[in-house]
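**Q** Please find one structure pasted underneath; my questions will follow.
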Amino acid sequence: MRYVSYLLLFFTWSVTSFHAMAVSAEEKALSGQWRLIGDSLDQSGNQNNGVNRGVLLKPDQPAVFDGRNAYIEVPDSESLSLGTGEFSISVFVNTSAHLDDVIGTVLSKYDAKTRRGFQLSIKNHAGVTSSQSNDRHLQFGIDNGKMDAKWTDHGRLGEAILVYSMAVYDGQLFAGTCVPGKEAAGRVFRFDGGQKWIDCGTPDVCNAVNSLAVFDGKLYAGTGKYRLKGSSLSESENPNWGGNVYRYEGDGKWVDCGNLPGVEAINGMVVYKGKLYASSMYAPAAFYRYDGGKQWTSCGVPDGKRVESMAVYNGDLYATSYDAGAVFRFDGKDWTHAGKVGESTQTYGFTVYEGNLYVSEWPHAEVYRYAGKDKWELAGKLGDEKESMPMVVYNGKMYAGSLPLAEVYRYDGGVDWTNTGRLDMTPDVRYRRVWSMAVFQGRMFAGTLPAGRVHSIEAGKSATYDTALKPGWRHIAAVKEKDRLKLYVDGALVATSSAFDPADYDLTNDKPLKIGFGAHDYFNGKMKDLKLVRRALNADEIQKLYQADKQD
């Protein structure tokens, strides 16, 4: 009897000890757990408490991030040192359907100087140069200063002389072209890997598809007669004007959505506060709002000046101009002057990097950072180039394309830019341009003139969800496994990176963990139940995290 009692005691002690060991192992793997309801305290036991930098934290309500300057900063600690190991992020975010700002960075721990660490962002790229190339795209990236030495050539798009526009839509990369032939018309192509492109047809009869944008769940194309002499090339013999907008319905079918009266060529399109807007490339200046069907409503222009590329930032729509070397601001009703940009005579494209709006220009290939009201600060120059054009934020850094050598530069802070390579080697021409850019399948893509080709490059490793993230509450899980990155949305696997050697990616840095801020912008939305775990969660565990919240 005494033997049985000892046996039961030993069994009870063993089970209790095993449970304690299991709990201890799980607790050790948990680097941080922030409920983000009423406070920014860490529930993991690691004391990684967040310092609130303006986030609205009310009892019994998820944290509200204003997209302007609010975030939570968690000081660096040993438990946040990720090294080369596996880790996972789990978080619930809520974003609005109608936006007057980009969505921004969800979580980051990144050293921009060494390009070491990770970023988890929901990207919006507009004003690139003529297109809204990425919209509500989830991107998870790691880096340790790693970049491919060479760009990959993905071939020429039909008879293109210019890859004019790019947009990522419904998991696919689309590109619009300009062609020189008298009987030829601008086409749209869909990337099919390598140097293969699927022809999606000619929306119009003019020579160019100038702009692409995703609006209300559909891909839209703006067309034009591009005057090739503006790039010091022989003019196209195609006499047809554009100024029309079309909606893509798949299988090469385009639906006419109306004409911008008196517009020869559309320059840019952007979505602002739930409405699609389009601008005219050439005089007379024009700016229109789409009101459904084939109806477009004129919204005026600032002092008769043309507005060209457009982006949305901190509540307003911003536009470049070929007339003023300035930037203009639109609040949904009226235009105001947002300042002269250096000694430029033309301004070209936008991006939002580290919470600031940047603009490119001619004729010095400089890039400027918006300093508020009507002030612009110099952020450097692209080598010896004459024009800076498209800009995007990719895996922690800002990149810009140029003219006349069609080079792409990486911004390294202050006024410093690094040349990542030349993309167009066409001989015996005056100008070569990188006009279009987009982030897709973990890579940065760029289109050129006059070769009409697309190239891409990889910096670090990224997993990108190339379908627009639906508004409302979404569960996001980002997982760094041994040799791959994975993204999950609402419990489902949506993206996987290419393979890598984990020894190449030591993510250790002494920078703080930032909740709601990073290389893109301050987060614009609500957030709750953030976890950082130093192991790779599996699909079943991620599904349980998603389902647990649904049952609450």
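Residues are referred to by chain and number: the chain letter is A, B, ... according to the order shown in the structure tokens, the number counts from 1 in that chain, and ligands are numbered separately from 1 in the order shown.
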Skip stretch 358-361 of chain A itself and residues of its chain fewer than 3 positions away, then list as a list in words all residues within 7 Å of it, counting only C-alpha atoms.
**A** Ser344, Gln346, Thr347, Tyr348, Gly349, Phe350, Thr351, Val352, Ala365, Glu366, Val367, Tyr368, Arg369, Tyr370, Glu387, Ser388 and Met389 of chain A
**Q** Where does stretch 443-481 of chain A meet stretch 532-544 of chain A within 8 Å, residue by residue, with the nearest atom pair and distance in Å to one decimal for each, counting only C-alpha atoms, listed by chain and rising number, as CSV?
**A**
residue,atom,partner,partner_atom,distance
A:Ala477,CA,A:Ile542,CA,7.0
A:Val479,CA,A:Ala536,CA,5.9
A:Lys480,CA,A:Ala536,CA,6.2
A:Glu481,CA,A:Ala536,CA,5.4
**Q** Find the residues around A:Glu249 up to 10 Å (only C-alpha atoms counted), leave out those fewer than 4 positions away in its own chain, and share them as a short mmCIF file (atom, residue, chain, number, x, y, z; two decimals) with N, CA and C atoms, in the first residue's frame.
**A**
data_model
loop_
_atom_site.label_atom_id
_atom_site.label_comp_id
_atom_site.auth_asym_id
_atom_site.auth_seq_id
_atom_site.Cartn_x
_atom_site.Cartn_y
_atom_site.Cartn_z
N LYS A 218 -11.08 46.86 -58.29
CA LYS A 218 -10.85 46.62 -59.71
C LYS A 218 -9.62 47.40 -60.19
N LEU A 219 -9.01 46.91 -61.28
CA LEU A 219 -7.87 47.57 -61.89
C LEU A 219 -8.36 48.56 -62.94
N TYR A 220 -7.87 49.82 -62.86
CA TYR A 220 -8.24 50.86 -63.80
C TYR A 220 -7.00 51.32 -64.57
N LYS A 253 -10.52 41.85 -71.44
CA LYS A 253 -11.71 42.69 -71.61
C LYS A 253 -11.58 43.97 -70.79
N TRP A 254 -11.77 45.11 -71.46
CA TRP A 254 -11.71 46.42 -70.82
C TRP A 254 -13.04 47.15 -71.01
N VAL A 255 -13.56 47.73 -69.93
CA VAL A 255 -14.83 48.43 -69.96
C VAL A 255 -14.58 49.94 -69.92
#
**Q** Select from stretch 236-293 of chain A every residue with an atom at most 9 Å from any atom of stretch 130-150 of chain A, then for each give the shortest pair of atoms and their distance in Å to one decimal, using only C-alpha atoms, rows by chain and rising number, as JSON lines.
**A**
{"residue": "A:Ile266", "atom": "CA", "partner": "A:Ser130", "partner_atom": "CA", "distance": 8.8}
{"residue": "A:Asn267", "atom": "CA", "partner": "A:Ser130", "partner_atom": "CA", "distance": 5.8}
{"residue": "A:Gly268", "atom": "CA", "partner": "A:Ser130", "partner_atom": "CA", "distance": 4.4}
{"residue": "A:Met269", "atom": "CA", "partner": "A:Ser131", "partner_atom": "CA", "distance": 6.2}
{"residue": "A:Val270", "atom": "CA", "partner": "A:Gln132", "partner_atom": "CA", "distance": 6.0}
{"residue": "A:Val271", "atom": "CA", "partner": "A:Gln132", "partner_atom": "CA", "distance": 8.2}
**Q** Can you write just those residues out, C-alpha atoms, as a short mmCIF file (atom, residue, chain, number, x, y, z; two decimals), in the first residue's frame?
**A**
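Once everything was written out, this is selection.cif:
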data_model
loop_
_atom_site.label_atom_id
_atom_site.label_comp_id
_atom_site.auth_asym_id
_atom_site.auth_seq_id
_atom_site.Cartn_x
_atom_site.Cartn_y
_atom_site.Cartn_z
CA ILE A 266 -3.90 61.20 -68.47
CA ASN A 267 -0.82 61.54 -66.29
CA GLY A 268 -1.73 60.06 -62.91
CA MET A 269 -4.52 58.40 -60.96
CA VAL A 270 -4.94 57.98 -57.21
CA VAL A 271 -7.62 56.94 -54.71
#
**Q** Write out as a PyMOL selection string which residues come within 6 Å of stretch 101-118 of chain A when counting only C-alpha atoms, dropping same-chain ones fewer than 6 positions away.
**A** chain A and resi 124+141-145+312-315+507+513-518+520-524
**Q** Leaving out stretch 284-286 of chain A and any residue of its chain fewer than 3 positions from it, which residues lie within 9 Å of it when counting only C-alpha atoms, given as a list in words?
**A**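 Contacts, with the query itself left out: Leu260, Pro261, Gly262, Val263, Ala278, Ser279, Ser280, Met281, Ser298, Cys299, Gly300, Val301, Gly304, Lys305, Arg306 and Val307 of chain A.
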**Q** Emit the selected residues as a JSON list (two decimals), in the first residue's frame, including C-alpha atoms.
**A**
[["chain", "number", "residue", "atom", "x", "y", "z"],
["A", 260, "LEU", "CA", -11.74, 63.49, -69.24],
["A", 261, "PRO", "CA", -13.00, 66.29, -71.55],
["A", 262, "GLY", "CA", -10.25, 68.00, -73.53],
["A", 263, "VAL", "CA", -7.51, 65.76, -72.09],
["A", 278, "ALA", "CA", -7.15, 61.59, -62.50],
["A", 279, "SER", "CA", -5.01, 64.40, -63.93],
["A", 280, "SER", "CA", -3.97, 65.69, -67.36],
["A", 281, "MET", "CA", -0.39, 65.39, -68.56],
["A", 298, "SER", "CA", -13.97, 68.59, -62.71],
["A", 299, "CYS", "CA", -12.43, 69.59, -59.38],
["A", 300, "GLY", "CA", -10.39, 72.52, -60.63],
["A", 301, "VAL", "CA", -6.64, 73.13, -60.66],
["A", 304, "GLY", "CA", -4.29, 77.24, -63.79],
["A", 305, "LYS", "CA", -1.25, 75.02, -63.18],
["A", 306, "ARG", "CA", -1.09, 71.39, -64.25],
["A", 307, "VAL", "CA", -1.14, 68.76, -61.50]]
**Q** For A:Asp192, which of A:Val163, A:Ala478, A:Ala221, A:Leu157 is the closest residue, counting only C-alpha atoms?
**A**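 Of A:Val163, A:Ala478, A:Ala221, A:Leu157, the one nearest A:Asp192 is A:Leu157, counting only C-alpha atoms.
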**Q** What does the distance from atom CA of A:Tyr411 to atom CA of A:Phe330 come to in Å, to one decimal?
**A**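 Computed distance, atom CA of A:Tyr411 to atom CA of A:Phe330, equals 27.9 Å.
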